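Undergrad: Attaching a single structure in structure tokens format; questions to follow.
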Amino acid sequence: MTRILVLDGHPEFGSFCGSLAGAYAKEAEAGGHEIRLRYLSKMTFNPDLGTSNFAKTPPLEPDLEAVWQDIVWCQHIVVAHPLWWGGHPAKLKGLFDRVLLPGKAFQYVKGKALPEKLLAGRTSQVLVTSDTPNWFYRWVYGSGSRKQTEKQILGFCGLKPKGYHMFSQIKGSTDESRAKMIERAAGLGRKAA
């Protein structure tokens with residue numbers, strides 16, 4: 001059994017990202033894993049860190065504190081989000097900015113170029129919806145948000161990547177193609193962690 005945090009990282013409740021996150025969570029739970037499912041859309045917080053000086057970091061609002069406690073609790077985190085302008089929705093990026101802080105998620109070490117990864121020992125998976133075809137995202141855009149998410153955010157804190165899964169094209173998709181995408185997310189949940 002693995003403790004899994006599933007984050008629906010779409011800022012609107014009831015999105016297709018939420019359907020993917022829900023399918024993953026349902027199947028992982030049916031497989032005996034302990035699941036916590038969080039919805040970005042239901043959280044209230046200021047996404048703006050507001051400072052470049054971590055000594056002036058504002059205290060976490062209750063919703064962010066709950067997410068942080070879930071991150072500490074989990075062994076595996078799954079983030080489902082839409083690809084907007086080649087990256088994360090602003091509110092999701094704000095959650096990362098506000099919650100993944102030095103002394104908690106990573107720690108700068110004097111004399112070392114890279115920080116200590118305080119979330120090491122955990123794994124991560126990312127489910128991304130996009131209107132961009134997969135081949136175009138990889139070969140033309142260079143998978144920019146994948147690099148940012150896996151290496152510069154989650155990996156920077158020690159979360160080992162176990163998959164970055166694109167679900168596209170959403171715009172113009174049929175009910176049949178969306179059903180296949182939901183089944184694919186469910187299949188990932190069945191093979192969880």
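To be explicit about the labels: the chains of the structure tokens are called A, B, and onward in the order shown, and within each one the residues are counted from 1, while ligands get numbers from 1 in the order they are shown.
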Just the residues within 9 Å of Ala186 (chain A), please, counting only C-alpha atoms, with nothing from its chain fewer than 4 positions along; format it as a list in words.
TA: Leu20, Ala21, Gly22, Ala23, Tyr24, Ala25, Lys26, Glu27, Ala28, Met181, Ile182, Arg190 and Lys191 of chain A
Undergrad: I'd like the neighbourhood of Asp63 (chain A) as a PDB file with C-alpha atoms, in the first residue's frame, where a residue qualifies if any of its atoms comes within 9 Å (using only C-alpha atoms), though same-chain residues fewer than 4 positions away should be ignored.
TA:
ATOM      1  CA  LYS A  42     -11.692  24.566  -3.996  1.00  0.00           C
ATOM      2  CA  MET A  43      -8.646  26.192  -2.388  1.00  0.00           C
ATOM      3  CA  THR A  44      -8.518  29.787  -1.245  1.00  0.00           C
ATOM      4  CA  PHE A  45      -5.074  31.396  -1.052  1.00  0.00           C
ATOM      5  CA  VAL A  67      -1.633  20.605   0.984  1.00  0.00           C
ATOM      6  CA  TRP A  68       1.760  20.795   2.677  1.00  0.00           C
TER       7      TRP A  68
END
Undergrad: Applying 6 Å and only C-alpha atoms, which residues near region 152-160 of chain A remain after dropping the ones on its own chain fewer than 4 positions away? List them as an mmCIF file with C-alpha atoms, in the first residue's frame.
TA:
data_model
loop_
_atom_site.group_PDB
_atom_site.id
_atom_site.type_symbol
_atom_site.label_atom_id
_atom_site.label_comp_id
_atom_site.auth_asym_id
_atom_site.auth_seq_id
_atom_site.Cartn_x
_atom_site.Cartn_y
_atom_site.Cartn_z
ATOM 1 C CA ALA A 105 10.863 21.149 0.479
ATOM 2 C CA PHE A 106 14.550 21.907 -0.113
ATOM 3 C CA LYS A 117 16.266 17.721 -1.564
ATOM 4 C CA LEU A 119 11.284 15.521 -0.194
ATOM 5 C CA ALA A 120 13.615 12.745 -1.371
ATOM 6 C CA ARG A 122 8.918 10.264 -2.748
ATOM 7 C CA THR A 123 7.847 9.818 -6.349
ATOM 8 C CA SER A 124 5.662 11.823 -8.720
ATOM 9 C CA GLN A 148 10.138 22.591 -15.665
#
Undergrad: Using only C-alpha atoms, which of A:Lys104, A:Arg3, A:Arg98, A:His88 sits nearest Gly32 (chain A)?
TA: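 Counting only C-alpha atoms, the residue closest to Gly32 (chain A) is A:Arg3.
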Undergrad: Write out as a list in words which residues come within 10 Å of Phe54 (chain A) when counting only C-alpha atoms, dropping same-chain ones fewer than 5 positions away.
TA: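 My list of contacting residues is Leu49, Leu101, Pro102 and Gly103 of chain A.
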Undergrad: From the list A:Thr129, A:Leu37, A:Ser15, A:Ala179, which residue is nearest Cys74 (chain A) when using only C-alpha atoms?
TA: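 Using only C-alpha atoms, Cys74 (chain A) sits closest to A:Leu37.
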Undergrad: Would you please give, as a PyMOL selection string, all residues of chain A that DSSP assigns to strand (DSSP E) based on the backbone?
TA: chain A and resi 3-8+34-39+76-82+106-107+116-117+123-130+160-168
Undergrad: Can you tell me, as a ChimeraX atom specification, what residues are no more than 12 Å from Leu64 (chain A) when counting only C-alpha atoms, ignoring any on the same chain fewer than 4 positions away?
TA: /A:38-40,42-47,58-60,68-71,91-92,94-101
Undergrad: Measure the distance from CA of Val140 (chain A) to CA of Val128 (chain A) in Å and round it to one decimal.
TA: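 Separation between CA of Val140 (chain A) and CA of Val128 (chain A): 17.3 Å.
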Undergrad: For Ala80 (chain A), which of A:Gln125, A:Asn134, A:Ser145, A:Ser168 is the closest residue, counting only C-alpha atoms?
TA: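 Of the candidates, the smallest distance to Ala80 (chain A) is held by A:Gln125.
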Undergrad: Please report the interatomic distance between CA of Thr57 (chain A) and CA of Lys93 (chain A) in Å with one decimal.
TA: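 Pair CA of Thr57 (chain A) / CA of Lys93 (chain A) returns 15.8 Å.
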Undergrad: For the atom pair CA of Gly9 (chain A) and CA of Pro82 (chain A), what is the interatomic distance in Å to one decimal place?
TA: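 Separating CA of Gly9 (chain A) from CA of Pro82 (chain A) is a distance of 7.6 Å.
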Undergrad: Give me, as an MDAnalysis selection string, the residues of region 14-192 of chain A that a backbone DSSP run labels helix (DSSP H, G or I).
TA: chainID A and resid 16:30 40:42 54:56 62:73 90:99 134:139 144:157 175:190
